[in-house]
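Asker: My file is run.cif. It has mmCIF, C-alpha atoms:
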data_query
loop_
_atom_site.group_PDB
_atom_site.id
_atom_site.type_symbol
_atom_site.label_atom_id
_atom_site.label_comp_id
_atom_site.auth_asym_id
_atom_site.auth_seq_id
_atom_site.Cartn_x
_atom_site.Cartn_y
_atom_site.Cartn_z
ATOM 1 C CA MET A 1 132.938 138.341 128.433
ATOM 2 C CA GLU A 2 131.643 138.535 131.992
ATOM 3 C CA ARG A 3 131.020 142.048 133.260
ATOM 4 C CA THR A 4 132.527 143.250 136.528
ATOM 5 C CA GLU A 5 130.343 144.256 139.487
ATOM 6 C CA ALA A 6 131.168 147.921 138.936
ATOM 7 C CA GLU A 7 130.026 147.649 135.306
ATOM 8 C CA LEU A 8 126.818 145.888 136.323
ATOM 9 C CA ILE A 9 126.054 148.527 138.951
ATOM 10 C CA ALA A 10 126.754 151.341 136.482
ATOM 11 C CA ALA A 11 124.395 149.703 133.967
ATOM 12 C CA VAL A 12 121.645 149.377 136.600
ATOM 13 C CA LEU A 13 122.052 153.021 137.530
ATOM 14 C CA LYS A 14 121.627 153.951 133.861
ATOM 15 C CA GLY A 15 118.261 152.178 133.876
ATOM 16 C CA ASP A 16 119.135 148.623 132.786
ATOM 17 C CA ALA A 17 117.336 146.660 135.511
ATOM 18 C CA ALA A 18 118.323 143.329 133.907
ATOM 19 C CA SER A 19 121.949 143.956 134.898
ATOM 20 C CA PHE A 20 120.892 143.537 138.515
ATOM 21 C CA GLU A 21 120.150 139.854 137.924
ATOM 22 C CA PRO A 22 123.761 138.554 138.082
ATOM 23 C CA LEU A 23 124.197 140.371 141.416
ATOM 24 C CA VAL A 24 121.028 138.739 142.786
ATOM 25 C CA GLN A 25 122.260 135.348 141.643
ATOM 26 C CA LYS A 26 125.741 135.765 143.114
ATOM 27 C CA TYR A 27 124.818 137.114 146.544
ATOM 28 C CA SER A 28 121.442 135.535 147.291
ATOM 29 C CA PRO A 29 122.977 132.516 149.092
ATOM 30 C CA ARG A 30 124.703 134.874 151.576
ATOM 31 C CA VAL A 31 121.547 136.909 152.054
ATOM 32 C CA PHE A 32 119.506 133.739 152.697
ATOM 33 C CA ALA A 33 122.096 132.282 155.083
ATOM 34 C CA THR A 34 122.065 135.502 157.130
ATOM 35 C CA ALA A 35 118.272 135.769 157.112
ATOM 36 C CA ARG A 36 117.974 132.177 158.358
ATOM 37 C CA ARG A 37 119.839 133.168 161.521
ATOM 38 C CA TYR A 38 116.996 135.454 162.502
ATOM 39 C CA ALA A 39 113.875 133.909 160.987
ATOM 40 C CA ARG A 40 112.658 130.341 161.195
ATOM 41 C CA ARG A 41 109.883 129.997 158.648
ATOM 42 C CA ASP A 42 110.760 129.778 154.960
ATOM 43 C CA SER A 43 108.173 132.411 154.091
ATOM 44 C CA GLU A 44 109.731 134.861 156.577
ATOM 45 C CA VAL A 45 113.237 134.175 155.277
ATOM 46 C CA GLU A 46 112.069 134.775 151.718
ATOM 47 C CA ASP A 47 110.331 138.001 152.726
ATOM 48 C CA ILE A 48 113.534 139.276 154.319
ATOM 49 C CA ALA A 49 115.635 138.345 151.275
ATOM 50 C CA GLN A 50 113.135 139.984 148.931
ATOM 51 C CA GLU A 51 113.101 143.159 150.992
ATOM 52 C CA VAL A 52 116.904 143.247 151.018
ATOM 53 C CA TRP A 53 117.097 143.081 147.225
ATOM 54 C CA LEU A 54 114.360 145.644 146.664
ATOM 55 C CA LYS A 55 116.058 148.007 149.115
ATOM 56 C CA ALA A 56 119.430 147.373 147.458
ATOM 57 C CA PHE A 57 117.941 148.250 144.074
ATOM 58 C CA ASP A 58 116.263 151.411 145.351
ATOM 59 C CA LYS A 59 119.321 152.601 147.255
ATOM 60 C CA LEU A 60 121.947 151.600 144.709
ATOM 61 C CA LYS A 61 122.634 155.286 144.020
ATOM 62 C CA SER A 62 124.000 155.575 147.562
ATOM 63 C CA PHE A 63 126.597 152.843 146.878
ATOM 64 C CA ARG A 64 129.793 154.792 146.301
ATOM 65 C CA GLY A 65 132.015 151.863 145.425
ATOM 66 C CA GLU A 66 134.584 152.586 148.155
ATOM 67 C CA ALA A 67 133.934 149.223 149.851
ATOM 68 C CA PRO A 68 132.996 145.996 148.043
ATOM 69 C CA PHE A 69 129.345 145.644 147.032
ATOM 70 C CA GLU A 70 129.103 142.546 149.245
ATOM 71 C CA HIS A 71 129.885 144.563 152.409
ATOM 72 C CA TRP A 72 127.301 147.188 151.498
ATOM 73 C CA LEU A 73 124.731 144.470 150.822
ATOM 74 C CA MET A 74 125.476 142.638 154.081
ATOM 75 C CA ARG A 75 124.985 145.863 156.046
ATOM 76 C CA MET A 76 121.592 146.188 154.412
ATOM 77 C CA THR A 77 120.818 142.528 155.145
ATOM 78 C CA VAL A 78 121.703 142.782 158.831
ATOM 79 C CA ARG A 79 119.647 145.965 159.230
ATOM 80 C CA THR A 80 116.668 144.390 157.464
ATOM 81 C CA CYS A 81 116.932 141.348 159.754
ATOM 82 C CA TYR A 82 116.994 143.669 162.767
ATOM 83 C CA ASP A 83 113.866 145.446 161.519
ATOM 84 C CA PHE A 84 112.258 142.029 161.067
ATOM 85 C CA LEU A 85 113.122 141.069 164.675
ATOM 86 C CA ARG A 86 111.658 144.299 165.982
ATOM 87 C CA GLY A 87 108.483 143.708 164.017
ATOM 88 C CA HIS A 88 108.076 140.075 165.128
ATOM 89 C CA GLN A 89 108.537 139.976 168.867
ATOM 90 C CA ARG A 90 105.971 137.250 169.473
ATOM 91 C CA ASN A 91 106.782 134.037 171.426
ATOM 92 C CA ARG A 92 109.057 135.897 173.803
ATOM 93 C CA GLU A 93 106.739 135.479 176.759
ATOM 94 C CA SER A 94 106.142 131.725 176.573
ATOM 95 C CA SER A 95 107.608 129.480 179.283
ATOM 96 C CA PHE A 96 110.124 126.670 178.898
ATOM 97 C CA SER A 97 107.735 124.012 180.183
ATOM 98 C CA GLU A 98 107.215 122.697 176.650
ATOM 99 C CA LEU A 99 110.824 121.529 176.127
ATOM 100 C CA SER A 100 111.075 118.399 174.002
ATOM 101 C CA GLU A 101 112.369 115.114 175.381
ATOM 102 C CA PRO A 102 115.842 115.351 173.800
ATOM 103 C CA GLU A 103 116.158 118.929 175.106
ATOM 104 C CA ASN A 104 115.210 117.807 178.621
ATOM 105 C CA ASP A 105 117.671 114.901 178.382
ATOM 106 C CA TRP A 106 120.461 117.203 177.261
ATOM 107 C CA LEU A 107 119.779 119.620 180.131
ATOM 108 C CA GLU A 108 119.713 116.760 182.636
ATOM 109 C CA ARG A 109 123.003 115.478 181.298
ATOM 110 C CA PHE A 110 124.469 118.970 181.596
ATOM 111 C CA VAL A 111 123.241 119.301 185.195
ATOM 112 C CA ALA A 112 124.710 115.906 186.112
ATOM 113 C CA ALA A 113 128.046 116.416 184.376
ATOM 114 C CA PRO A 114 128.513 119.563 182.224
ATOM 115 C CA GLU A 115 131.388 118.073 180.222
ATOM 116 C CA SER A 116 129.284 115.072 179.156
ATOM 117 C CA ALA A 117 126.725 117.256 177.345
ATOM 118 C CA SER A 118 127.944 117.498 173.759
ATOM 119 C CA ASP A 119 128.219 120.873 171.966
ATOM 120 C CA ASP A 120 127.056 119.622 168.610
ATOM 121 C CA ALA A 121 124.028 117.700 169.841
ATOM 122 C CA ASP A 122 120.810 118.571 168.011
ATOM 123 C CA ALA A 123 119.092 119.096 171.355
ATOM 124 C CA ALA A 124 121.605 121.774 172.321
ATOM 125 C CA LYS A 125 121.015 123.504 168.983
ATOM 126 C CA LEU A 126 117.262 123.454 169.593
ATOM 127 C CA LEU A 127 117.758 124.844 173.080
ATOM 128 C CA ILE A 128 119.924 127.751 171.935
ATOM 129 C CA GLU A 129 117.353 128.481 169.203
ATOM 130 C CA ARG A 130 114.658 128.699 171.895
ATOM 131 C CA VAL A 131 116.804 130.970 174.044
ATOM 132 C CA MET A 132 117.613 133.214 171.083
ATOM 133 C CA GLU A 133 113.917 133.565 170.285
ATOM 134 C CA LYS A 134 113.314 134.874 173.783
ATOM 135 C CA LEU A 135 115.988 137.553 173.578
ATOM 136 C CA SER A 136 115.083 141.143 172.753
ATOM 137 C CA PRO A 137 115.927 142.175 169.151
ATOM 138 C CA PRO A 138 119.124 144.108 169.989
ATOM 139 C CA ALA A 139 120.313 141.333 172.316
ATOM 140 C CA ARG A 140 119.654 138.647 169.726
ATOM 141 C CA LEU A 141 121.446 140.604 167.017
ATOM 142 C CA VAL A 142 124.484 141.344 169.133
ATOM 143 C CA ILE A 143 124.777 137.769 170.492
ATOM 144 C CA THR A 144 124.508 136.375 166.965
ATOM 145 C CA LEU A 145 127.137 138.698 165.530
ATOM 146 C CA LEU A 146 129.514 138.771 168.476
ATOM 147 C CA GLU A 147 129.309 135.299 170.000
ATOM 148 C CA ILE A 148 128.071 133.034 167.213
ATOM 149 C CA GLU A 149 129.608 134.671 164.128
ATOM 150 C CA ASP A 150 132.642 135.798 166.142
ATOM 151 C CA ARG A 151 132.775 139.310 164.696
ATOM 152 C CA SER A 152 134.658 142.193 166.255
ATOM 153 C CA VAL A 153 132.905 145.103 167.983
ATOM 154 C CA LYS A 154 134.075 147.426 165.193
ATOM 155 C CA GLU A 155 132.650 145.144 162.519
ATOM 156 C CA ILE A 156 129.332 144.986 164.370
ATOM 157 C CA ALA A 157 129.258 148.765 164.626
ATOM 158 C CA GLU A 158 129.723 149.006 160.854
ATOM 159 C CA LEU A 159 127.105 146.374 160.126
ATOM 160 C CA THR A 160 124.439 147.732 162.440
ATOM 161 C CA GLY A 161 125.131 151.455 162.239
ATOM 162 C CA TRP A 162 125.504 151.605 166.039
ATOM 163 C CA SER A 163 128.471 153.337 167.661
ATOM 164 C CA VAL A 164 131.281 151.198 169.160
ATOM 165 C CA PRO A 165 130.354 152.129 172.781
ATOM 166 C CA LEU A 166 126.701 151.298 172.060
ATOM 167 C CA VAL A 167 127.681 147.857 170.730
ATOM 168 C CA LYS A 168 129.684 147.238 173.924
ATOM 169 C CA VAL A 169 126.805 148.312 176.141
ATOM 170 C CA ARG A 170 124.343 146.203 174.176
ATOM 171 C CA ALA A 171 126.688 143.200 174.279
ATOM 172 C CA PHE A 172 126.962 143.497 178.073
ATOM 173 C CA ARG A 173 123.191 143.763 178.426
ATOM 174 C CA ALA A 174 122.629 140.916 175.951
ATOM 175 C CA ARG A 175 124.834 138.506 177.927
ATOM 176 C CA ALA A 176 122.989 139.449 181.129
ATOM 177 C CA GLU A 177 119.634 139.016 179.379
ATOM 178 C CA MET A 178 120.685 135.613 178.109
ATOM 179 C CA ARG A 179 121.796 134.469 181.557
ATOM 180 C CA LYS A 180 118.456 135.637 182.946
ATOM 181 C CA ILE A 181 116.614 133.553 180.349
ATOM 182 C CA LEU A 182 118.818 130.540 181.088
ATOM 183 C CA ALA A 183 118.164 131.001 184.816
ATOM 184 C CA LYS A 184 114.423 131.055 184.128
ATOM 185 C CA MET A 185 114.713 127.988 181.909
ATOM 186 C CA THR A 186 116.559 125.966 184.536
ATOM 187 C CA LYS A 187 114.269 127.253 187.300
ATOM 188 C CA ASP A 188 111.171 126.247 185.316
ATOM 189 C CA LYS A 189 112.660 122.813 184.971
ATOM 190 C CA TYR A 190 114.399 122.077 188.230
ATOM 191 C CA LEU A 191 112.550 124.052 190.899
ATOM 192 C CA MET B 1 123.845 125.175 188.093
ATOM 193 C CA LYS B 2 126.629 127.099 186.391
ATOM 194 C CA LEU B 3 124.794 129.458 184.110
ATOM 195 C CA ALA B 4 127.924 130.911 182.527
ATOM 196 C CA GLU B 5 129.040 127.417 181.560
ATOM 197 C CA LEU B 6 125.602 126.562 180.160
ATOM 198 C CA GLN B 7 125.670 129.787 178.170
ATOM 199 C CA LYS B 8 129.115 128.932 176.781
ATOM 200 C CA LYS B 9 128.008 125.419 175.893
ATOM 201 C CA LEU B 10 124.882 126.568 174.081
ATOM 202 C CA ILE B 11 126.761 129.234 172.145
ATOM 203 C CA ALA B 12 129.296 126.597 171.153
ATOM 204 C CA ALA B 13 126.360 124.493 169.941
ATOM 205 C CA ALA B 14 125.070 127.414 167.866
ATOM 206 C CA ARG B 15 128.520 127.798 166.306
ATOM 207 C CA THR B 16 128.520 124.208 165.089
ATOM 208 C CA GLU B 17 125.287 124.831 163.174
ATOM 209 C CA VAL B 18 125.995 124.637 159.431
ATOM 210 C CA LEU B 19 124.581 127.663 157.617
ATOM 211 C CA ASP B 20 121.827 126.879 155.187
ATOM 212 C CA ASP B 21 122.362 129.095 152.126
ATOM 213 C CA ARG B 22 119.850 127.449 149.784
ATOM 214 C CA VAL B 23 118.000 129.869 147.558
ATOM 215 C CA PRO B 24 114.395 128.940 146.701
ATOM 216 C CA TYR B 25 113.621 127.941 143.145
ATOM 217 C CA ALA B 26 113.020 130.892 140.771
ATOM 218 C CA PHE B 27 113.804 133.468 143.469
ATOM 219 C CA LYS B 28 116.059 135.399 141.091
ATOM 220 C CA LYS B 29 113.317 135.477 138.428
ATOM 221 C CA ARG B 30 110.787 136.750 140.972
ATOM 222 C CA ILE B 31 113.065 139.573 142.061
ATOM 223 C CA THR B 32 113.814 140.528 138.455
ATOM 224 C CA ALA B 33 110.086 140.609 137.643
ATOM 225 C CA LEU B 34 109.394 142.731 140.734
ATOM 226 C CA LEU B 35 112.149 145.162 139.800
ATOM 227 C CA ALA B 36 110.929 145.428 136.199
ATOM 228 C CA SER B 37 107.455 146.339 137.444
ATOM 229 C CA ARG B 38 108.981 149.009 139.676
ATOM 230 C CA VAL B 39 111.080 150.638 136.942
ATOM 231 C CA ALA B 40 108.099 151.745 134.790
ATOM 232 C CA PRO B 41 106.309 153.584 137.618
ATOM 233 C CA GLN B 42 109.633 155.158 138.538
ATOM 234 C CA ASN B 43 109.854 156.760 135.069
ATOM 235 C CA LEU B 44 106.254 157.926 135.366
ATOM 236 C CA ASP B 45 107.078 159.310 138.809
ATOM 237 C CA LEU B 46 109.838 161.439 137.310
ATOM 238 C CA TRP B 47 107.382 162.994 134.851
ATOM 239 C CA VAL B 48 104.746 163.551 137.509
ATOM 240 C CA ARG B 49 107.292 165.128 139.830
ATOM 241 C CA GLY B 50 108.582 167.391 137.050
ATOM 242 C CA LEU B 51 105.100 168.514 136.061
ATOM 243 C CA TRP B 52 104.161 169.224 139.669
ATOM 244 C CA ARG B 53 107.275 171.367 140.067
ATOM 245 C CA ALA B 54 106.402 173.268 136.891
ATOM 246 C CA ALA B 55 102.828 173.787 138.116
ATOM 247 C CA ILE B 56 104.042 175.081 141.485
ATOM 248 C CA SER B 57 106.452 177.494 139.749
ATOM 249 C CA CYS B 58 103.637 178.751 137.498
ATOM 250 C CA VAL B 59 101.369 179.370 140.479
ATOM 251 C CA GLY B 60 104.228 181.217 142.211
ATOM 252 C CA VAL B 61 104.847 183.479 139.204
ATOM 253 C CA ALA B 62 101.089 184.141 138.841
ATOM 254 C CA MET B 63 100.836 185.122 142.509
ATOM 255 C CA LEU B 64 103.842 187.448 142.231
ATOM 256 C CA CYS B 65 102.326 189.157 139.184
ATOM 257 C CA GLY B 66 99.007 189.471 140.990
ATOM 258 C CA ALA B 67 100.662 190.969 144.040
ATOM 259 C CA TRP B 68 102.676 193.362 141.880
ATOM 260 C CA THR B 69 99.522 194.533 140.111
ATOM 261 C CA LEU B 70 97.633 194.964 143.376
ATOM 262 C CA PHE B 71 100.300 196.726 145.381
ATOM 263 C CA THR B 72 101.879 198.934 142.735
ATOM 264 C CA PRO B 73 100.679 202.493 143.392
ATOM 265 C CA ALA B 74 98.213 203.711 140.779
ATOM 266 C CA ALA B 75 99.657 206.133 138.186
ATOM 267 C CA PRO B 76 98.668 209.778 138.716
ATOM 268 C CA ALA B 77 95.570 210.698 136.706
ATOM 269 C CA SER B 78 97.315 213.551 134.930
ATOM 270 C CA SER B 79 100.091 211.437 133.467
ATOM 271 C CA THR B 80 99.602 209.951 130.060
ATOM 272 C CA ASP B 81 100.085 206.322 129.341
ATOM 273 C CA LEU B 82 102.790 204.778 127.203
ATOM 274 C CA SER B 83 100.761 204.829 123.985
ATOM 275 C CA GLN B 84 100.087 208.552 124.425
ATOM 276 C CA ASP B 85 103.804 209.238 125.013
ATOM 277 C CA PHE B 86 104.672 207.234 121.922
ATOM 278 C CA GLU B 87 102.127 209.130 119.820
ATOM 279 C CA ASN B 88 103.373 212.500 121.102
ATOM 280 C CA THR B 89 106.968 211.636 120.302
ATOM 281 C CA LEU B 90 106.096 210.345 116.852
ATOM 282 C CA LEU B 91 103.999 213.368 115.968
ATOM 283 C CA ALA B 92 106.254 215.909 117.698
ATOM 284 C CA SER B 93 107.670 217.215 114.410
ATOM 285 C CA VAL B 94 104.179 217.604 112.941
ATOM 286 C CA ASP B 95 102.985 219.447 116.034
ATOM 287 C CA GLN B 96 105.990 221.786 115.845
ATOM 288 C CA GLY B 97 105.205 222.399 112.159
ATOM 289 C CA ASP B 98 101.615 223.378 113.070
ATOM 290 C CA GLN B 99 102.771 225.795 115.741
ATOM 291 C CA ALA B 100 105.351 227.517 113.478
ATOM 292 C CA PRO B 101 104.329 230.967 112.216
#
Take the structure in the file and write it out as structure tokens.
Answerer:
Amino acid sequence: MERTEAELIAAVLKGDAASFEPLVQKYSPRVFATARRYARRDSEVEDIAQEVWLKAFDKLKSFRGEAPFEHWLMRMTVRTCYDFLRGHQRNRESSFSELSEPENDWLERFVAAPESASDDADAAKLLIERVMEKLSPPARLVITLLEIEDRSVKEIAELTGWSVPLVKVRAFRARAEMRKILAKMTKDKYL
Amino acid sequence: MKLAELQKKLIAAARTEVLDDRVPYAFKKRITALLASRVAPQNLDLWVRGLWRAAISCVGVAMLCGAWTLFTPAAPASSTDLSQDFENTLLASVDQGDQAP
């Protein structure tokens, strides 16, 4: 018979490390999907996922079982991704002069007629990826959670450990920072 | 150019991105192996921590005893020690017998 999560966690806490395996198997896809939002290279994504699981194992005693294990794990994942962003702030200073041809085409189409530039074009996805890489770590995290994943301010506060007013302030600053980057991108290209 | 509109458009593009949740081959096995190698040192850590605590307690007790010995006022020279008291008490009846007329 399959053991419940609570039983698995209790077994791990008693010293049976093998009971952690089903949890790793069940939740790794979610951990990897989240990590891929913040890291590009496979090796970086794997490092984040590995760190999440090692942290989860070490801190399992602090899991009180009041909320589902998945929520607790996702909090840890988001915080690990944030630490990763803070530790890898390279590439933020580069200019937009090296935009690829499809990206340039998409921007030109947008300038000519905004409605003609498609949302799901690969070029647009590449462009937003570039913009996200230039954002500061808190701005990138808050834009991802609030705008892309469509989470509420309260949810973000729980995930990040920030207070609700701090999330609001950071969201305001993040939008301004993003507009500044977009202004620079269009200025680099069209002025 | 309308920056707010460009921002909206690009965020909409990011939303259409399908999340890639692939897990690399043997990732689970690697994590399990890493955890197994961490459990053994954890047990050893418990012992080491326990022994260090015991050692610190022993040093504390030794220092207290030392301080007690050093700072306790010396007994007056005239007073007898415990063994002398014990001997006097034990032989009290004999001594009284000797002193009797």
Asker: With the PyMOL selection byres ((chain B) within 9 of (chain A)) as the selection, what would be picked from this file? Answer as a ChimeraX atom specification, please.
Answerer: /B:1-7,9-17,19-24,27-32,34-36,39
Asker: Would you pick out the contacts of Gly65 of chain A at 12 Å or less, using all atoms listed in the file, so that residues sharing its chain but fewer than 4 positions from it are not included, and give the list as a list in words?
Answerer: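 My reading of the contact set: Glu5, Ala6, Glu7, Ile9, Ala10, Leu60, Lys61, Phe69, Glu70, His71, Trp72 and Leu73 of chain A.
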Asker: Would you list the contacts of Arg79 of chain A as a list in words, taking every protein, DNA or RNA residue within 9 Å and counting only C-alpha atoms, but skipping same-chain residues closer than 6 positions in sequence?
Answerer: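 Listed by chain and then number, they are Leu159, Thr160 and Gly161 of chain A.
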Asker: What separation in Å, quoted to one decimal, exists between atom CA of Arg86 of chain A and atom CA of Ser62 of chain A?
Answerer: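 We find that atom CA of Arg86 of chain A and atom CA of Ser62 of chain A lie 24.9 Å from each other.
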